[in-house]
Structures are given as C-alpha cells and as structure tokens.
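A.B. asks: To start, I am sharing the structure in question, which I have written as structure tokens.
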Amino acid sequence: MKEVALTGTNCHIFADVLSALLHRGIAVHAYVTYPERVMLDDTNLVVSRLDTDDRDALVNDFEGYHDVVLTFNDDLTDVESNDFTLHHYNEMVNAAIEAGVERVIVVGSPESAAFFMGDLRRRDKLDWVYISTEGDYADRVASEVTAPQYHKEEYAV
C-alpha cells in the first residue's frame, strides 16, 4: 500500500486532499497544526502535530516517505495562514530534501503559484509538482501520488 506524508494547516485544502487520498486507499500520516481538530477515524490515517519550529523534528517526520504533500490555504485574506506560509514553507521544503524525500507536491492558491514555483524551480535536484487549488485539485494530488510522473512538472489547473 502506498503511504504519504501530508502537511498543512487545518483548512479546507488540507481536508479535501486528505479525503481524496483516503478515498483512493492511500495510507496517510497527516502532520497538521491542530491535530485535535481532525475528526476522522480511518485505519489508513495517523494524525500528528506539525512542528515547524523544530527542524530536526520535521526532518524526522519526513524520513522514509517517497512523497510529501504540502498544502497551503488559498484564502489570501487569512493573515494567520499567510504568515504560516511565509515563515514555514521554505523550511518544510528544506526538511523534505534533508530527509531524502523523492518528491514534493505543493498545493496552493493560483495567485501564489509564482511564489511557490519560483522557489521550487531553483531546486535542481528536487522532483516536484505544484498543483493549483482550481478545479479538482484534491483528486489531482491523489492521482499524482498513485501514478507519479518522475520528472519536474508544474500545473496551473
């Protein structure tokens, strides 16, 4: 069975992607800012607190995963979410690289594509995919995890 690490804040993007992954039978270790708010009982789900303040903890959390999915809220008026993204996105990608993750999938607002992809493009040795929150983004993430294309891709779906 395929297993993936899913990270993010408690927002609809995280919830939609989590649901799509579980629906496809993918085992998920969810690292989220408020794990007590995840109200799912599924044998394919483990929920833990996302500790973005401890780089070693992040690296340890990501070790052993082929794919790590980073989800970010697409509500650009949400100050707390924007602050989280600006302060922790880069550290999360660096931790995934240091942990030996093969592929990073980033899910975010179409208005933030330049921010995310600008950083990802500078990382020559990282296999990555950016998926915009337009359309059926959650199913697209599940498709990428179950049948990955092993080359750099970028999407503004």
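The way I read the labels, and the way they are meant: chains A, B, ... in the order of the structure tokens, residue 1 as the first residue of every chain, and ligand 1 as the first ligand shown, with later ones counted on from there.
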When you look at Leu70 of chain A with a cut-off of 7 Å (counting only C-alpha atoms), what residues show up, excluding the ones that are within fewer than 6 positions of it in the same chain? I need them as a list in words.
C.D. replies: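 Contacts, in chain order: Leu6, Thr7, Gly8, Ile105, Val106 and Val107 of chain A.
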A.B. asks: Suppose we keep N, CA, C and O atoms; can you now write the selection as a PDB file, in the first residue's frame?
C.D. replies:
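And here's part.pdb as it stands now:
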```pdb
ATOM      1  N   LEU A   6       1.316  14.022   4.613  1.00  0.00           N
ATOM      2  CA  LEU A   6       0.514  15.181   4.226  1.00  0.00           C
ATOM      3  C   LEU A   6       0.661  16.226   5.313  1.00  0.00           C
ATOM      4  O   LEU A   6       0.477  15.923   6.496  1.00  0.00           O
ATOM      5  N   THR A   7       0.991  17.451   4.926  1.00  0.00           N
ATOM      6  CA  THR A   7       1.173  18.509   5.916  1.00  0.00           C
ATOM      7  C   THR A   7       0.301  19.707   5.601  1.00  0.00           C
ATOM      8  O   THR A   7      -0.130  19.897   4.469  1.00  0.00           O
ATOM      9  N   GLY A   8       0.080  20.526   6.610  1.00  0.00           N
ATOM     10  CA  GLY A   8      -0.629  21.775   6.392  1.00  0.00           C
ATOM     11  C   GLY A   8      -1.309  22.282   7.638  1.00  0.00           C
ATOM     12  O   GLY A   8      -1.179  21.729   8.727  1.00  0.00           O
ATOM     13  N   ILE A 105       5.034  17.528  -3.402  1.00  0.00           N
ATOM     14  CA  ILE A 105       3.849  18.037  -4.100  1.00  0.00           C
ATOM     15  C   ILE A 105       3.324  19.203  -3.273  1.00  0.00           C
ATOM     16  O   ILE A 105       3.022  19.048  -2.092  1.00  0.00           O
ATOM     17  N   VAL A 106       3.253  20.376  -3.899  1.00  0.00           N
ATOM     18  CA  VAL A 106       2.801  21.584  -3.216  1.00  0.00           C
ATOM     19  C   VAL A 106       1.433  21.969  -3.769  1.00  0.00           C
ATOM     20  O   VAL A 106       1.245  22.040  -4.986  1.00  0.00           O
ATOM     21  N   VAL A 107       0.478  22.209  -2.875  1.00  0.00           N
ATOM     22  CA  VAL A 107      -0.871  22.595  -3.255  1.00  0.00           C
ATOM     23  C   VAL A 107      -1.143  23.975  -2.690  1.00  0.00           C
ATOM     24  O   VAL A 107      -1.026  24.184  -1.476  1.00  0.00           O
TER      25      VAL A 107
END
```
A.B. asks: Using only C-alpha atoms, can you tell me which of A:Phe115, A:Asp136, A:Arg103, A:His87 comes closest to Gly64 of chain A?
C.D. replies: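 Among A:Phe115, A:Asp136, A:Arg103, A:His87, it is A:Arg103 that comes nearest to Gly64 of chain A.
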A.B. asks: Rank A:Val141, A:Ala96, A:Leu86, A:Val32 by their smallest atom-to-atom distance to Leu50 of chain A, using only C-alpha atoms, and report the top residue only.
C.D. replies: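 Among the listed residues, the smallest separation from Leu50 of chain A belongs to A:Val32.
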A.B. asks: If you run DSSP on the backbone here, which positions in chain A get strand (DSSP E or B)? Please write them as an MDAnalysis selection string.
C.D. replies: chainID A and resid 3:8 27:32 45:49 67:71 103:108 127:132 153:154
A.B. asks: Extract, using only C-alpha atoms, all DNA, RNA and protein residues at most 10 Å from Glu91 of chain A, discarding same-chain residues fewer than 3 positions from it, and format them as a PyMOL selection string.
C.D. replies: chain A and resi 52-55+58-59+85-88+94-97
